[in-house]
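Notes to accompany the following structure.
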Amino acid sequence: MSYNFIGLVNDVNRRLNEVELTSSNFSTATGYYNLSKDSVNASIRHIHQEEFEWPWNHAEESEVLLEGEVRYSMPYDAKTVNMNSFRIRRDASLSVETQRLKLLNYEEYLDKYIDYEYNSDVNTRAVPKYVVRTPSRELIFVPAPDKAYEVVYEYYTVGVDMSLATDVPSVPEEYKHAIVDGAMYYVYLFRGDTQTAQLSQQKFLQGIKHMRSLNINRTEYIRDTRVHF
């Protein structure tokens with residue numbers, strides 16, 4: 001069975017001895033079958049919410065800065081942004097080398113550098129040295145850029161629900177069993193089988209614990225991450 005939306009839903013159907021869906025009737029499924037689709041998405045959504053930084057949700061973003069503009073929106077699908085990953089990409093045409101940006105606290109930005117947002121004097125612009133995360137989920141680069149520098153950084157996505165039969169989840173296939181166990185929990189609740197639902201939930205949570213031990217709980221070495229100015 002293919003590892004995609006319809007394949008996961010039919011894994012649930014087989015466990016319950018239900019007729020499997022096909023590509024022709026998947027999108028129009030109703031009743032229990034529509035619930036089984038919702039249950040697979042709910043299971044994956046739960047997995048996404050268990051950790052901020054699952055490796056399969058890792059993404060890289062680039063932002064071309066506008067001269068004189070300091071504020072930029074975060075990616076629409078960003079759950080958490082790695083604020084220590086910001087760097088300006090080398091560009092010989094702009095006479096700039098690759099360099100890391102230092103993280104600056106928003107309150108300190110307001111105290112020391114807020115005038116960059118309102119100062120139109122081009123002489124105050126330069127290669128940005130700092131990046132700031134605002135309460136409104138925006139990014140601020142200080143000082144205001146004097147050229148169209150490209151900033152690269154990394155973040156983790158929130159994950160999205162599947163809708164098409166051929167949609168593939170971001171969770172790797174080796175954790176397929178955990179997705180199905182989670183979906184079974186919701187399906188058994190729908191059927192009123194609370195006891196079996198609880199057993200499925202236990203298996204599901206155990207599967208997430210195993211995923212976390214393999215992908216999250218790792219410390220290669222201890223590093224001082226304090227920012228020195």
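Naming works like this for the structure tokens: A, B, ... for the chains as they're shown, residue 1 at the start of each chain, ligands 1 onward in shown order.
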
Can you tell me which residues surround stretch 183-193 of chain A at a distance of at most 7 Å, considering only C-alpha atoms, apart from same-chain residues fewer than 2 positions away, and format the answer as a PyMOL selection string? chain A and resi 12+36+39-40+43+179-181+195-198+200-201

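Our summary of the geometry notes that atom CA of A:Ala165 is positioned 21.0 Å from atom CA of A:Asn57.
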
Per-residue nearest contacts stretch 145-199 of chain A to stretch 46-55 of chain A, cut-off 7 Å, using only C-alpha atoms, as JSON lines:
```
{"residue": "A:Tyr156", "atom": "CA", "partner": "A:Glu53", "partner_atom": "CA", "distance": 5.9}
{"residue": "A:Val158", "atom": "CA", "partner": "A:His48", "partner_atom": "CA", "distance": 6.8}
{"residue": "A:Gly159", "atom": "CA", "partner": "A:His48", "partner_atom": "CA", "distance": 6.6}
```

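Every residue of stretch 1-93 of chain A found in strand (DSSP E or B) when DSSP is run on the backbone appears here: His58, Ala59, Glu60, Glu61, Ser62, Glu63, Val64, Arg71, Tyr72, Ser73, Ala78, Lys79, Thr80, Val81, Asn82, Met83, Asn84, Ser85, Phe86, Arg87, Ile88 and Asp91 of chain A.
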
If we count only C-alpha atoms and set the cut-off at 12 Å, which residues sit around A:Asp91, ignoring sequence neighbours fewer than 3 positions away in its own chain? Please answer as a count of residues only. 13

Need to verify the contact set: stretch 173-177 of chain A, 8 Å, only C-alpha atoms, exclusion of same-chain residues closer than 6 positions in sequence. Can you return it as an MDAnalysis selection string? chainID A and resid 3 8 207 211

Near A:Gly68, counting only C-alpha atoms, which residues have an atom at most 8 Å away, once you skip same-chain residues fewer than 2 positions from it, shown as an MDAnalysis selection string? chainID A and resid 66 70 120 122 125 144:146

Taking C-alpha atoms for each residue, export the selection above as a tab-separated table (two decimals), in the first residue's frame.
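What ended up in selection.tsv:
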```tsv
chain	number	residue	atom	x	y	z
A	66	LEU	CA	14.77	46.13	0.61
A	70	VAL	CA	13.78	46.95	8.54
A	120	SER	CA	15.23	58.21	6.13
A	122	VAL	CA	20.67	56.95	3.75
A	125	ARG	CA	22.07	52.38	6.40
A	144	ALA	CA	18.48	49.29	7.96
A	145	PRO	CA	20.01	47.69	4.83
A	146	ASP	CA	21.72	49.90	2.28
```

With DSSP run on the backbone, what are the helix (DSSP H, G or I) residues within stretch 95-134 of chain A? I'd like them as a list in words.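 Taking stretch 95-134 of chain A and keeping helix (DSSP H, G or I) only, one gets Tyr106, Glu107, Glu108, Tyr109, Leu110, Asp111, Lys112, Ile114, Asp115, Tyr116, Glu117, Val122, Asn123 and Thr124 of chain A.
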
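The protein and nucleic acid residues lying at most 8 Å from stretch 71-74 of chain A are Ala78, Arg137, Glu138, Leu139, Ile140 and Phe141 of chain A, with only C-alpha atoms considered and sequence neighbours fewer than 4 positions away removed.
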
For each of A:Phe5, A:Phe26, A:Tyr106, A:Tyr155, take the minimum atom-to-atom distance to A:Arg133, counting only C-alpha atoms, then give the residue where this is smallest.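 Looking at the shortest contact to A:Arg133, the residue is A:Tyr106.
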
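For A:Thr22, the residues within 10 Å (counting only C-alpha atoms, excluding itself and residues fewer than 5 positions away along the chain) are Ile6, Gly7, Asn10, Ser27, Ala29 and Ala165 of chain A.
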
Put those residues in a file: N, CA and C atoms, as a PDB file, in the first residue's frame.
```
ATOM      1  N   ILE A   6      -4.646   8.256   1.061  1.00  0.00           N
ATOM      2  CA  ILE A   6      -5.582   7.148   0.869  1.00  0.00           C
ATOM      3  C   ILE A   6      -5.027   5.849   1.442  1.00  0.00           C
ATOM      4  N   GLY A   7      -3.706   5.675   1.359  1.00  0.00           N
ATOM      5  CA  GLY A   7      -3.103   4.469   1.921  1.00  0.00           C
ATOM      6  C   GLY A   7      -3.266   4.399   3.430  1.00  0.00           C
ATOM      7  N   ASN A  10      -6.928   3.685   4.325  1.00  0.00           N
ATOM      8  CA  ASN A  10      -7.266   2.277   4.101  1.00  0.00           C
ATOM      9  C   ASN A  10      -6.588   1.351   5.104  1.00  0.00           C
ATOM     10  N   SER A  27     -12.611  11.298  -2.580  1.00  0.00           N
ATOM     11  CA  SER A  27     -12.954  12.700  -2.334  1.00  0.00           C
ATOM     12  C   SER A  27     -14.414  12.900  -1.939  1.00  0.00           C
ATOM     13  N   ALA A  29     -16.174  10.661  -0.038  1.00  0.00           N
ATOM     14  CA  ALA A  29     -16.504   9.786   1.089  1.00  0.00           C
ATOM     15  C   ALA A  29     -17.323  10.538   2.131  1.00  0.00           C
ATOM     16  N   ALA A 165      -6.117  12.398  -2.258  1.00  0.00           N
ATOM     17  CA  ALA A 165      -5.787  10.989  -2.004  1.00  0.00           C
ATOM     18  C   ALA A 165      -4.294  10.727  -2.102  1.00  0.00           C
TER      19      ALA A 165
END
```
